[in-house]
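Colleague: File final-v4.csv below, CSV, C-alpha atoms:
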```csv
chain,number,residue,atom,x,y,z
F,1,MET,CA,-23.4,-39.2,-177.9
F,2,ARG,CA,-25.7,-41.0,-175.5
F,3,LYS,CA,-29.3,-41.9,-176.3
F,4,PRO,CA,-32.0,-40.3,-174.1
F,5,LYS,CA,-33.0,-43.7,-172.7
F,6,ASP,CA,-29.3,-44.3,-171.7
F,7,ILE,CA,-29.3,-41.1,-169.8
F,8,ASP,CA,-32.5,-41.9,-168.0
F,9,GLY,CA,-31.2,-45.3,-167.0
F,10,LYS,CA,-27.9,-43.8,-165.7
F,11,ILE,CA,-29.8,-41.2,-163.7
F,12,LEU,CA,-32.0,-43.9,-162.1
F,13,GLU,CA,-28.9,-46.1,-161.4
F,14,TYR,CA,-27.2,-43.1,-159.8
F,15,PHE,CA,-30.2,-42.4,-157.6
F,16,ASP,CA,-30.4,-46.0,-156.6
F,17,GLU,CA,-26.9,-45.7,-155.1
F,18,LEU,CA,-27.6,-42.6,-153.2
F,19,PRO,CA,-28.7,-42.7,-149.5
F,20,LEU,CA,-31.2,-39.8,-150.0
F,21,THR,CA,-31.4,-36.9,-152.5
F,22,ALA,CA,-29.3,-35.2,-155.2
F,23,THR,CA,-29.3,-31.9,-156.8
F,24,THR,CA,-29.5,-31.2,-160.6
F,25,ASP,CA,-25.8,-30.1,-160.4
F,26,MET,CA,-24.8,-33.4,-158.7
F,27,VAL,CA,-26.5,-35.4,-161.4
F,28,ALA,CA,-24.9,-33.4,-164.2
F,29,PHE,CA,-21.5,-33.7,-162.7
F,30,GLU,CA,-21.8,-37.5,-162.1
F,31,LEU,CA,-23.0,-38.2,-165.6
F,32,LYS,CA,-20.8,-35.7,-167.2
F,33,ILE,CA,-23.7,-33.9,-169.0
F,34,SER,CA,-24.8,-30.3,-169.0
F,35,TRP,CA,-27.0,-28.9,-166.3
F,36,ALA,CA,-29.7,-28.3,-168.9
F,37,THR,CA,-29.6,-31.9,-170.1
F,38,ALA,CA,-29.8,-33.2,-166.6
F,39,ASN,CA,-32.7,-30.9,-165.8
F,40,LEU,CA,-34.6,-32.0,-168.9
F,41,HIS,CA,-34.2,-35.7,-168.1
F,42,LEU,CA,-35.0,-35.2,-164.4
F,43,ASN,CA,-38.2,-33.5,-165.2
F,44,LYS,CA,-39.1,-36.2,-167.7
F,45,LEU,CA,-38.5,-38.9,-165.0
F,46,LYS,CA,-40.6,-36.8,-162.6
F,47,ASN,CA,-43.4,-36.6,-165.0
F,48,GLU,CA,-43.2,-40.4,-165.4
F,49,GLY,CA,-43.5,-40.8,-161.6
F,50,LYS,CA,-40.0,-42.4,-161.2
F,51,ILE,CA,-38.5,-39.6,-159.1
F,52,LYS,CA,-39.9,-36.8,-157.0
F,53,LEU,CA,-38.9,-33.2,-156.7
F,54,TYR,CA,-38.5,-31.2,-153.5
F,55,ARG,CA,-37.7,-27.5,-153.7
F,56,ILE,CA,-35.6,-26.3,-150.8
F,57,GLY,CA,-35.0,-22.6,-151.0
F,58,ARG,CA,-33.6,-22.1,-154.5
F,59,GLN,CA,-32.4,-25.7,-154.8
F,60,ASN,CA,-34.0,-28.6,-156.4
F,61,GLN,CA,-33.6,-31.9,-154.5
F,62,TRP,CA,-34.5,-35.1,-156.4
F,63,ILE,CA,-35.2,-38.5,-154.9
F,64,LEU,CA,-36.4,-41.9,-156.2
F,65,THR,CA,-40.1,-42.4,-155.7
F,66,GLU,CA,-39.4,-46.0,-154.7
F,67,ARG,CA,-37.1,-44.8,-151.9
F,68,ILE,CA,-39.9,-42.6,-150.5
F,69,LYS,CA,-42.2,-45.6,-150.5
F,70,ARG,CA,-39.6,-47.7,-148.6
F,71,MET,CA,-39.0,-44.9,-146.1
F,72,GLU,CA,-42.8,-44.6,-145.3
F,73,LYS,CA,-43.0,-48.3,-144.3
```
What would the structure in this file look like if it were written as structure tokens?
Modeller:
Amino acid sequence: MRKPKDIDGKILEYFDELPLTATTDMVAFELKISWATANLHLNKLKNEGKIKLYRIGRQNQWILTERIKRMEK
């Protein structure tokens, strides 16, 4: 069983490798965790300001906050 901090770190590593956004399903699949666990950790990271959520239709799109800052420059 993974510790919550390990999951948070793996999510941030995964996002750092992505060119843009990922869905909750993509994160769950990549980390081999349930959708609910992925969603819980994504929302935690969002509340900490590390990632940002964009809702597109019925889909959640997540992106690193740091990537947004780099794109705005």
Colleague: For a cut-off of 10 Å around (-30.6, -41.9, -155.2), file coordinates, pick out all residues using all atoms listed in the file and list them as a list in words.
Modeller: Ile11, Leu12, Glu13, Tyr14, Phe15, Asp16, Glu17, Leu18, Pro19, Leu20, Thr21, Ala22, Val27, Ile51, Trp62, Ile63, Leu64, Thr65, Glu66 and Arg67 of chain F
Colleague: Would you work out the distance separating atom CA of Lys5 of chain F from atom CA of Glu72 of chain F, expressed in Å to one decimal?
Modeller: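 Separation between atom CA of Lys5 of chain F and atom CA of Glu72 of chain F: 29.1 Å.
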Colleague: Just give me the gap between atom CA of Asp25 of chain F and atom CA of His41 of chain F in Å, one decimal is fine.
Modeller: 12.7 Å
Colleague: For Ala38 of chain F, which residue among F:Gly9, F:Arg70, F:Asn60, F:Thr24 is the nearest when counting only C-alpha atoms?
Modeller: F:Thr24
Colleague: From the options F:Asp6, F:Ile68, F:Phe29, F:Thr23, which residue's atoms come nearest to Gly49 of chain F, counting only C-alpha atoms?
Modeller: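 Once distances to Gly49 of chain F are computed over only C-alpha atoms, the minimum belongs to F:Ile68.
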Colleague: Could you tell me which of F:Lys50, F:Ile7, F:Ile56, F:Lys69 comes closest to Ser34 of chain F if we count all atoms listed in the file?
Modeller: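 Between F:Lys50, F:Ile7, F:Ile56, F:Lys69, the residue approaching Ser34 of chain F most closely is F:Ile7.
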Colleague: Could you tell me how far atom CA of Leu45 of chain F sits from atom CA of Leu31 of chain F, in Å to one decimal place?
Modeller: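 One can read the atom CA of Leu31 of chain F to atom CA of Leu45 of chain F distance as 15.5 Å.
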Colleague: From the options F:Ala28, F:Gln61, F:Thr37, F:Glu48, which residue's atoms come nearest to Lys3 of chain F, counting all atoms listed in the file?
Modeller: F:Thr37
Colleague: Mind rebuilding segment 5-38 of chain F with N, CA and C atoms and writing that out as a PDB file, in the frame of the given file?
Modeller:
```pdb
ATOM      1  N   LYS F   5     -32.653 -42.626-173.599  1.00  0.00           N
ATOM      2  CA  LYS F   5     -33.000 -43.700-172.700  1.00  0.00           C
ATOM      3  C   LYS F   5     -31.775 -44.128-171.856  1.00  0.00           C
ATOM      4  N   ASP F   6     -30.562 -44.034-172.450  1.00  0.00           N
ATOM      5  CA  ASP F   6     -29.300 -44.300-171.700  1.00  0.00           C
ATOM      6  C   ASP F   6     -29.156 -43.348-170.552  1.00  0.00           C
ATOM      7  N   ILE F   7     -29.411 -42.080-170.817  1.00  0.00           N
ATOM      8  CA  ILE F   7     -29.300 -41.100-169.800  1.00  0.00           C
ATOM      9  C   ILE F   7     -30.276 -41.289-168.674  1.00  0.00           C
ATOM     10  N   ASP F   8     -31.519 -41.572-169.040  1.00  0.00           N
ATOM     11  CA  ASP F   8     -32.500 -41.900-168.000  1.00  0.00           C
ATOM     12  C   ASP F   8     -32.117 -43.028-167.150  1.00  0.00           C
ATOM     13  N   GLY F   9     -31.626 -44.088-167.771  1.00  0.00           N
ATOM     14  CA  GLY F   9     -31.200 -45.300-167.000  1.00  0.00           C
ATOM     15  C   GLY F   9     -30.032 -44.963-166.100  1.00  0.00           C
ATOM     16  N   LYS F  10     -29.070 -44.171-166.575  1.00  0.00           N
ATOM     17  CA  LYS F  10     -27.900 -43.800-165.700  1.00  0.00           C
ATOM     18  C   LYS F  10     -28.349 -42.947-164.561  1.00  0.00           C
ATOM     19  N   ILE F  11     -29.299 -42.057-164.789  1.00  0.00           N
ATOM     20  CA  ILE F  11     -29.800 -41.200-163.700  1.00  0.00           C
ATOM     21  C   ILE F  11     -30.462 -42.108-162.634  1.00  0.00           C
ATOM     22  N   LEU F  12     -31.289 -43.047-163.068  1.00  0.00           N
ATOM     23  CA  LEU F  12     -32.000 -43.900-162.100  1.00  0.00           C
ATOM     24  C   LEU F  12     -30.953 -44.805-161.368  1.00  0.00           C
ATOM     25  N   GLU F  13     -29.914 -45.276-162.047  1.00  0.00           N
ATOM     26  CA  GLU F  13     -28.900 -46.100-161.400  1.00  0.00           C
ATOM     27  C   GLU F  13     -28.150 -45.202-160.339  1.00  0.00           C
ATOM     28  N   TYR F  14     -27.837 -43.962-160.694  1.00  0.00           N
ATOM     29  CA  TYR F  14     -27.200 -43.100-159.800  1.00  0.00           C
ATOM     30  C   TYR F  14     -28.023 -42.830-158.522  1.00  0.00           C
ATOM     31  N   PHE F  15     -29.311 -42.571-158.716  1.00  0.00           N
ATOM     32  CA  PHE F  15     -30.200 -42.400-157.600  1.00  0.00           C
ATOM     33  C   PHE F  15     -30.338 -43.602-156.712  1.00  0.00           C
ATOM     34  N   ASP F  16     -30.286 -44.764-157.324  1.00  0.00           N
ATOM     35  CA  ASP F  16     -30.400 -46.000-156.600  1.00  0.00           C
ATOM     36  C   ASP F  16     -29.210 -46.188-155.628  1.00  0.00           C
ATOM     37  N   GLU F  17     -28.057 -45.621-155.974  1.00  0.00           N
ATOM     38  CA  GLU F  17     -26.900 -45.700-155.100  1.00  0.00           C
ATOM     39  C   GLU F  17     -26.802 -44.693-154.030  1.00  0.00           C
ATOM     40  N   LEU F  18     -27.604 -43.641-154.145  1.00  0.00           N
ATOM     41  CA  LEU F  18     -27.600 -42.600-153.200  1.00  0.00           C
ATOM     42  C   LEU F  18     -28.374 -42.902-151.914  1.00  0.00           C
ATOM     43  N   PRO F  19     -27.936 -42.417-150.754  1.00  0.00           N
ATOM     44  CA  PRO F  19     -28.700 -42.700-149.500  1.00  0.00           C
ATOM     45  C   PRO F  19     -29.999 -41.831-149.489  1.00  0.00           C
ATOM     46  N   LEU F  20     -29.987 -40.629-150.063  1.00  0.00           N
ATOM     47  CA  LEU F  20     -31.200 -39.800-150.000  1.00  0.00           C
ATOM     48  C   LEU F  20     -31.395 -39.028-151.331  1.00  0.00           C
ATOM     49  N   THR F  21     -31.103 -37.731-151.338  1.00  0.00           N
ATOM     50  CA  THR F  21     -31.400 -36.900-152.500  1.00  0.00           C
ATOM     51  C   THR F  21     -30.156 -36.432-153.219  1.00  0.00           C
ATOM     52  N   ALA F  22     -30.383 -35.857-154.407  1.00  0.00           N
ATOM     53  CA  ALA F  22     -29.300 -35.200-155.200  1.00  0.00           C
ATOM     54  C   ALA F  22     -29.849 -33.999-155.859  1.00  0.00           C
ATOM     55  N   THR F  23     -28.968 -33.061-156.119  1.00  0.00           N
ATOM     56  CA  THR F  23     -29.300 -31.900-156.800  1.00  0.00           C
ATOM     57  C   THR F  23     -29.139 -32.077-158.338  1.00  0.00           C
ATOM     58  N   THR F  24     -29.664 -31.165-159.127  1.00  0.00           N
ATOM     59  CA  THR F  24     -29.500 -31.200-160.600  1.00  0.00           C
ATOM     60  C   THR F  24     -27.971 -31.119-160.881  1.00  0.00           C
ATOM     61  N   ASP F  25     -27.254 -30.256-160.167  1.00  0.00           N
ATOM     62  CA  ASP F  25     -25.800 -30.100-160.400  1.00  0.00           C
ATOM     63  C   ASP F  25     -25.073 -31.425-160.106  1.00  0.00           C
ATOM     64  N   MET F  26     -25.462 -32.120-159.052  1.00  0.00           N
ATOM     65  CA  MET F  26     -24.800 -33.400-158.700  1.00  0.00           C
ATOM     66  C   MET F  26     -25.019 -34.418-159.817  1.00  0.00           C
ATOM     67  N   VAL F  27     -26.231 -34.484-160.355  1.00  0.00           N
ATOM     68  CA  VAL F  27     -26.500 -35.400-161.400  1.00  0.00           C
ATOM     69  C   VAL F  27     -25.722 -35.071-162.681  1.00  0.00           C
ATOM     70  N   ALA F  28     -25.701 -33.803-163.043  1.00  0.00           N
ATOM     71  CA  ALA F  28     -24.900 -33.400-164.200  1.00  0.00           C
ATOM     72  C   ALA F  28     -23.463 -33.696-164.072  1.00  0.00           C
ATOM     73  N   PHE F  29     -22.900 -33.434-162.899  1.00  0.00           N
ATOM     74  CA  PHE F  29     -21.500 -33.700-162.700  1.00  0.00           C
ATOM     75  C   PHE F  29     -21.196 -35.210-162.747  1.00  0.00           C
ATOM     76  N   GLU F  30     -22.022 -36.011-162.102  1.00  0.00           N
ATOM     77  CA  GLU F  30     -21.800 -37.500-162.100  1.00  0.00           C
ATOM     78  C   GLU F  30     -21.897 -38.092-163.456  1.00  0.00           C
ATOM     79  N   LEU F  31     -22.853 -37.649-164.258  1.00  0.00           N
ATOM     80  CA  LEU F  31     -23.000 -38.200-165.600  1.00  0.00           C
ATOM     81  C   LEU F  31     -22.247 -37.524-166.673  1.00  0.00           C
ATOM     82  N   LYS F  32     -21.554 -36.450-166.288  1.00  0.00           N
ATOM     83  CA  LYS F  32     -20.800 -35.700-167.200  1.00  0.00           C
ATOM     84  C   LYS F  32     -21.611 -35.149-168.400  1.00  0.00           C
ATOM     85  N   ILE F  33     -22.745 -34.552-168.015  1.00  0.00           N
ATOM     86  CA  ILE F  33     -23.700 -33.900-169.000  1.00  0.00           C
ATOM     87  C   ILE F  33     -23.904 -32.498-168.510  1.00  0.00           C
ATOM     88  N   SER F  34     -24.483 -31.697-169.375  1.00  0.00           N
ATOM     89  CA  SER F  34     -24.800 -30.300-169.000  1.00  0.00           C
ATOM     90  C   SER F  34     -25.896 -30.259-167.978  1.00  0.00           C
ATOM     91  N   TRP F  35     -25.951 -29.147-167.246  1.00  0.00           N
ATOM     92  CA  TRP F  35     -27.000 -28.900-166.300  1.00  0.00           C
ATOM     93  C   TRP F  35     -28.380 -28.983-166.977  1.00  0.00           C
ATOM     94  N   ALA F  36     -28.468 -28.348-168.155  1.00  0.00           N
ATOM     95  CA  ALA F  36     -29.700 -28.300-168.900  1.00  0.00           C
ATOM     96  C   ALA F  36     -30.202 -29.689-169.310  1.00  0.00           C
ATOM     97  N   THR F  37     -29.269 -30.526-169.752  1.00  0.00           N
ATOM     98  CA  THR F  37     -29.600 -31.900-170.100  1.00  0.00           C
ATOM     99  C   THR F  37     -30.086 -32.680-168.923  1.00  0.00           C
ATOM    100  N   ALA F  38     -29.366 -32.530-167.815  1.00  0.00           N
ATOM    101  CA  ALA F  38     -29.800 -33.200-166.600  1.00  0.00           C
ATOM    102  C   ALA F  38     -31.152 -32.768-166.154  1.00  0.00           C
TER     103      ALA F  38
END
```
